[in-house]
Structures are given as structure tokens and as C-alpha cells.
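S.K.: Structure file structure.csv (CSV, N, CA and C atoms) is given on the next line.
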chain,number,residue,atom,x,y,z
A,21,MET,N,0.9,-1.2,0.0
A,21,MET,CA,0.0,0.0,0.0
A,21,MET,C,0.9,1.2,0.0
A,22,SER,N,0.6,2.2,-0.9
A,22,SER,CA,1.3,3.4,-1.0
A,22,SER,C,0.9,4.4,0.2
A,23,ASP,N,1.9,5.1,0.7
A,23,ASP,CA,1.5,6.1,1.7
A,23,ASP,C,1.3,7.5,1.0
A,24,GLN,N,1.2,7.5,-0.3
A,24,GLN,CA,1.0,8.8,-1.0
A,24,GLN,C,-0.5,9.0,-1.1
A,25,ILE,N,-0.9,10.3,-0.8
A,25,ILE,CA,-2.3,10.7,-0.9
A,25,ILE,C,-2.4,11.9,-1.8
A,26,THR,N,-3.7,12.2,-2.2
A,26,THR,CA,-3.9,13.4,-3.0
A,26,THR,C,-4.7,14.4,-2.1
A,27,VAL,N,-4.3,15.7,-2.3
A,27,VAL,CA,-5.0,16.8,-1.6
A,27,VAL,C,-5.1,17.9,-2.6
A,28,GLN,N,-6.0,18.8,-2.3
A,28,GLN,CA,-6.2,20.0,-3.2
A,28,GLN,C,-5.6,21.2,-2.5
A,29,VAL,N,-4.7,21.8,-3.3
A,29,VAL,CA,-4.0,23.0,-2.8
A,29,VAL,C,-4.3,24.1,-3.8
A,30,ASN,N,-5.1,25.1,-3.4
A,30,ASN,CA,-5.5,26.2,-4.2
A,30,ASN,C,-6.1,25.7,-5.5
A,31,GLY,N,-6.9,24.7,-5.4
A,31,GLY,CA,-7.6,24.1,-6.5
A,31,GLY,C,-6.9,23.1,-7.4
A,32,GLU,N,-5.6,22.9,-7.1
A,32,GLU,CA,-4.8,22.0,-7.9
A,32,GLU,C,-4.5,20.7,-7.0
A,33,THR,N,-4.6,19.5,-7.7
A,33,THR,CA,-4.3,18.3,-7.1
A,33,THR,C,-2.8,18.1,-6.8
A,34,ARG,N,-2.5,17.8,-5.6
A,34,ARG,CA,-1.1,17.6,-5.2
A,34,ARG,C,-1.0,16.3,-4.5
A,35,THR,N,0.2,15.7,-4.5
A,35,THR,CA,0.4,14.5,-3.7
A,35,THR,C,1.4,14.7,-2.5
A,36,CYS,N,1.2,14.0,-1.5
A,36,CYS,CA,2.1,14.1,-0.3
A,36,CYS,C,2.0,12.8,0.4
A,37,SER,N,2.8,12.6,1.4
A,37,SER,CA,2.7,11.4,2.2
A,37,SER,C,1.6,11.5,3.2
A,38,TYR,N,1.0,10.4,3.5
A,38,TYR,CA,-0.1,10.3,4.5
A,38,TYR,C,0.3,11.0,5.8
A,39,GLN,N,-0.6,11.8,6.4
A,39,GLN,CA,-0.3,12.5,7.7
A,39,GLN,C,0.9,13.4,7.7
A,40,THR,N,1.2,13.9,6.5
A,40,THR,CA,2.3,14.9,6.5
A,40,THR,C,1.9,16.1,7.4
A,41,PRO,N,2.7,16.6,8.3
A,41,PRO,CA,2.4,17.8,9.1
A,41,PRO,C,2.2,19.0,8.1
A,42,LEU,N,1.2,19.8,8.4
A,42,LEU,CA,0.9,21.0,7.6
A,42,LEU,C,2.1,21.9,7.3
A,43,PRO,N,3.0,22.2,8.3
A,43,PRO,CA,4.1,23.0,8.0
A,43,PRO,C,5.1,22.4,7.0
A,44,ASP,N,5.2,21.1,7.0
A,44,ASP,CA,6.0,20.4,6.1
A,44,ASP,C,5.5,20.5,4.6
A,45,ILE,N,4.2,20.3,4.4
A,45,ILE,CA,3.7,20.4,3.1
A,45,ILE,C,3.8,21.9,2.6
A,46,LEU,N,3.6,22.8,3.4
A,46,LEU,CA,3.7,24.2,3.0
A,46,LEU,C,5.1,24.5,2.6
A,47,GLN,N,6.1,24.0,3.3
A,47,GLN,CA,7.5,24.2,2.9
A,47,GLN,C,7.8,23.5,1.6
A,48,GLN,N,7.3,22.3,1.4
A,48,GLN,CA,7.5,21.5,0.2
A,48,GLN,C,7.0,22.3,-1.0
A,49,LEU,N,5.9,23.0,-0.8
A,49,LEU,CA,5.3,23.8,-1.9
A,49,LEU,C,5.9,25.1,-2.1
A,50,GLY,N,6.9,25.5,-1.2
A,50,GLY,CA,7.6,26.7,-1.4
A,50,GLY,C,7.0,28.0,-0.8
A,51,PHE,N,6.0,27.8,0.1
A,51,PHE,CA,5.4,28.9,0.8
A,51,PHE,C,6.3,29.4,2.0
A,52,ASN,N,6.3,30.7,2.2
A,52,ASN,CA,7.0,31.2,3.4
A,52,ASN,C,5.9,31.3,4.5
A,53,PRO,N,6.1,30.5,5.5
A,53,PRO,CA,5.0,30.4,6.5
A,53,PRO,C,4.7,31.7,7.2
A,54,ARG,N,5.7,32.7,7.2
A,54,ARG,CA,5.4,34.0,7.9
A,54,ARG,C,4.5,34.9,7.0
A,55,LEU,N,4.4,34.5,5.7
A,55,LEU,CA,3.7,35.4,4.8
A,55,LEU,C,2.4,34.9,4.3
A,56,ILE,N,1.8,33.9,4.9
A,56,ILE,CA,0.6,33.2,4.4
A,56,ILE,C,-0.5,33.0,5.5
A,57,ALA,N,-1.7,32.9,5.0
A,57,ALA,CA,-2.8,32.4,5.8
A,57,ALA,C,-3.3,31.1,5.1
A,58,VAL,N,-3.8,30.2,6.0
A,58,VAL,CA,-4.2,28.9,5.4
A,58,VAL,C,-5.7,28.6,5.8
A,59,GLU,N,-6.4,28.2,4.8
A,59,GLU,CA,-7.8,27.7,5.0
A,59,GLU,C,-7.7,26.2,4.8
A,60,TYR,N,-8.2,25.5,5.8
A,60,TYR,CA,-8.1,24.0,5.8
A,60,TYR,C,-9.5,23.5,5.8
A,61,ASN,N,-9.9,22.8,4.8
A,61,ASN,CA,-11.2,22.2,4.6
A,61,ASN,C,-12.3,23.2,4.9
A,62,GLY,N,-12.1,24.5,4.4
A,62,GLY,CA,-13.2,25.5,4.5
A,62,GLY,C,-13.1,26.4,5.7
A,63,GLU,N,-12.1,26.1,6.6
A,63,GLU,CA,-12.0,26.9,7.8
A,63,GLU,C,-10.6,27.6,7.9
A,64,ILE,N,-10.6,28.8,8.3
A,64,ILE,CA,-9.3,29.5,8.5
A,64,ILE,C,-8.6,28.7,9.7
A,65,LEU,N,-7.4,28.3,9.4
A,65,LEU,CA,-6.7,27.6,10.5
A,65,LEU,C,-5.6,28.5,11.1
A,66,HIS,N,-5.8,28.8,12.4
A,66,HIS,CA,-4.9,29.6,13.1
A,66,HIS,C,-3.5,29.0,13.2
A,67,ARG,N,-2.5,29.8,13.1
A,67,ARG,CA,-1.2,29.4,13.0
A,67,ARG,C,-0.8,28.5,14.2
A,68,GLN,N,-1.3,28.7,15.4
A,68,GLN,CA,-1.0,27.9,16.5
A,68,GLN,C,-1.4,26.4,16.4
A,69,PHE,N,-2.3,26.1,15.4
A,69,PHE,CA,-2.7,24.7,15.2
A,69,PHE,C,-2.0,24.1,14.0
A,70,TRP,N,-1.2,24.8,13.3
A,70,TRP,CA,-0.5,24.2,12.1
A,70,TRP,C,0.3,23.0,12.4
A,71,SER,N,1.1,23.0,13.4
A,71,SER,CA,2.0,21.9,13.7
A,71,SER,C,1.2,20.6,14.2
A,72,ASP,N,0.0,20.8,14.7
A,72,ASP,CA,-0.8,19.7,15.1
A,72,ASP,C,-1.7,19.1,14.0
A,73,THR,N,-1.7,19.8,12.8
A,73,THR,CA,-2.6,19.4,11.7
A,73,THR,C,-1.8,18.5,10.8
A,74,LYS,N,-2.4,17.3,10.6
A,74,LYS,CA,-1.8,16.3,9.7
A,74,LYS,C,-2.7,16.2,8.5
A,75,ILE,N,-2.0,16.2,7.3
A,75,ILE,CA,-2.8,16.2,6.1
A,75,ILE,C,-3.2,14.8,5.8
A,76,GLU,N,-4.5,14.7,5.4
A,76,GLU,CA,-5.1,13.4,5.1
A,76,GLU,C,-5.7,13.4,3.7
A,77,GLN,N,-6.0,12.2,3.2
A,77,GLN,CA,-6.6,12.0,1.9
A,77,GLN,C,-7.8,12.9,1.7
A,78,GLY,N,-7.8,13.7,0.6
A,78,GLY,CA,-9.0,14.5,0.3
A,78,GLY,C,-9.1,15.9,0.9
A,79,ASP,N,-8.1,16.2,1.8
A,79,ASP,CA,-8.1,17.5,2.4
A,79,ASP,C,-8.0,18.6,1.4
A,80,ARG,N,-8.6,19.8,1.7
A,80,ARG,CA,-8.5,20.9,0.8
A,80,ARG,C,-7.8,22.1,1.5
A,81,LEU,N,-6.8,22.6,0.9
A,81,LEU,CA,-6.1,23.8,1.4
A,81,LEU,C,-6.2,24.9,0.5
A,82,GLU,N,-6.5,26.1,1.0
A,82,GLU,CA,-6.3,27.3,0.3
A,82,GLU,C,-5.3,28.1,1.0
A,83,VAL,N,-4.2,28.5,0.3
A,83,VAL,CA,-3.1,29.2,0.8
A,83,VAL,C,-3.1,30.6,0.2
A,84,VAL,N,-3.2,31.6,1.1
A,84,VAL,CA,-3.2,33.0,0.6
A,84,VAL,C,-2.0,33.7,1.1
A,85,THR,N,-1.3,34.3,0.1
A,85,THR,CA,-0.1,35.1,0.4
A,85,THR,C,-0.5,36.5,0.9
A,86,ILE,N,0.1,36.9,2.0
A,86,ILE,CA,-0.2,38.2,2.5
A,86,ILE,C,0.7,39.2,1.8
A,87,VAL,N,0.1,40.2,1.3
A,87,VAL,CA,0.9,41.2,0.5
A,87,VAL,C,0.8,42.6,1.2
A,88,GLY,N,1.9,43.1,1.6
A,88,GLY,CA,1.9,44.4,2.2
A,88,GLY,C,2.1,45.5,1.2
A,89,GLY,N,1.7,46.7,1.5
A,89,GLY,CA,1.9,47.8,0.6
A,89,GLY,C,1.3,49.1,1.2
A,90,GLY,N,1.4,50.1,0.4
A,90,GLY,CA,0.8,51.3,1.0
A,90,GLY,C,0.6,52.4,0.0
Using C-alpha cells, write down the structure that the file contains.

M.R.:
Amino acid sequence: MSDQITVQVNGETRTCSYQTPLPDILQQLGFNPRLIAVEYNGEILHRQFWSDTKIEQGDRLEVVTIVGGG
């Protein structure tokens, strides 16, 4: 049995290992964790819960980059 699963990230299908911690998948995808907000299965996920969140088959992530300006 493969430990690879599929998840949706910003509408695109991606693969990762079963129960990959959220910070690890964000790093693998090249996101700077200090500059993003994450919606996990339709709910904004507060940063304090990121390390406890394990990615599972069919999860949906929306990752929004925070842009500063003035």
C-alpha cells in the first residue's frame, strides 16, 4: 500500500505522504510560513494549530499570500 495521498491546494491536485504535518507540506510547496494564511477544509486555520494538523486524503487547502503595501 502506498503512503501517498492526494490533496487539493489552491484548486490543484497535489500528492504528499499520508499524515504529513501541515508546515512540512507548506515548505515543500515553497510557501513562506510567515507570509501566508491557510484555509483548511473550508475553515481558517490559526497558526497555533498548524503543527498539530496532519494532512489526510482529500483535504483541501487554500493558501493565501499576505501582501503588504501602502

S.K.: Provide an axis-aligned box for all listed atoms of range 85-88 of chain A, padding each side by 3 Å; report its centre and its edge lengths in Å to one decimal, as AutoDock Vina command-line options.

M.R.:
--center_x 0.4 --center_y 39.9 --center_z 1.3 --size_x 9.4 --size_y 17.2 --size_z 8.4

S.K.: In chain A, what's alpha helix (DSSP H) per DSSP? Answer as a PyMOL selection string?

M.R.: chain A and resi 42-48

S.K.: Would you pick out the contacts of Gly78 in chain A at 10 Å or less, using only C-alpha atoms, so that residues sharing its chain but fewer than 4 positions from it are not included, and give the list as a PDB file with N, CA and C atoms, keeping the file's coordinate frame?

M.R.:
ATOM      1  N   ILE A  25      -0.900  10.300  -0.800  1.00  0.00           N
ATOM      2  CA  ILE A  25      -2.300  10.700  -0.900  1.00  0.00           C
ATOM      3  C   ILE A  25      -2.400  11.900  -1.800  1.00  0.00           C
ATOM      4  N   THR A  26      -3.700  12.200  -2.200  1.00  0.00           N
ATOM      5  CA  THR A  26      -3.900  13.400  -3.000  1.00  0.00           C
ATOM      6  C   THR A  26      -4.700  14.400  -2.100  1.00  0.00           C
ATOM      7  N   VAL A  27      -4.300  15.700  -2.300  1.00  0.00           N
ATOM      8  CA  VAL A  27      -5.000  16.800  -1.600  1.00  0.00           C
ATOM      9  C   VAL A  27      -5.100  17.900  -2.600  1.00  0.00           C
ATOM     10  N   GLN A  28      -6.000  18.800  -2.300  1.00  0.00           N
ATOM     11  CA  GLN A  28      -6.200  20.000  -3.200  1.00  0.00           C
ATOM     12  C   GLN A  28      -5.600  21.200  -2.500  1.00  0.00           C
ATOM     13  N   THR A  33      -4.600  19.500  -7.700  1.00  0.00           N
ATOM     14  CA  THR A  33      -4.300  18.300  -7.100  1.00  0.00           C
ATOM     15  C   THR A  33      -2.800  18.100  -6.800  1.00  0.00           C
ATOM     16  N   ASN A  61      -9.900  22.800   4.800  1.00  0.00           N
ATOM     17  CA  ASN A  61     -11.200  22.200   4.600  1.00  0.00           C
ATOM     18  C   ASN A  61     -12.300  23.200   4.900  1.00  0.00           C
TER      19      ASN A  61
END

S.K.: Give me every strand (DSSP E) residue in chain A, going by DSSP on the backbone, as a PyMOL selection string.

M.R.: chain A and resi 24-29+32-37+40-41+56-60+63-65+74-75+80-85

S.K.: Between atom N of Gln77 in chain A and atom N of Gln47 in chain A, what distance in Å does the model show, to one decimal?

M.R.: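 We find that atom N of Gln77 in chain A and atom N of Gln47 in chain A lie 16.9 Å from each other.
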
S.K.: Would you kindly return, as a PyMOL selection string, each protein, DNA or RNA residue with an atom no farther than 7 Å from any atom of Asp23 in chain A, considering only N, CA and C atoms and excluding same-chain residues fewer than 6 positions away?

M.R.: chain A and resi 36-38

S.K.: Figure out the distance between CA of Ser22 in chain A and CA of Leu81 in chain A, please, to one decimal in Å.

M.R.: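 If I compute the distance from CA of Leu81 in chain A to CA of Ser22 in chain A, I get 21.8 Å.
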
S.K.: Determine the nearest neighbour of Arg54 in chain A from the options A:Gln24, A:Asn30, A:Thr85, A:Thr40, counting only C-alpha atoms.

M.R.: A:Thr85

S.K.: Show which residues sit within 8 Å of Val87 in chain A, as a ChimeraX atom specification. Count only N, CA and C atoms, and ignore same-chain residues fewer than 2 positions away.

M.R.: /A:55-56,84-85,89-90

S.K.: Report the distance between atom N of Ala57 in chain A and atom N of Glu82 in chain A in Å, rounded to one decimal place.

M.R.: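 Those two atoms sit 9.2 Å apart.
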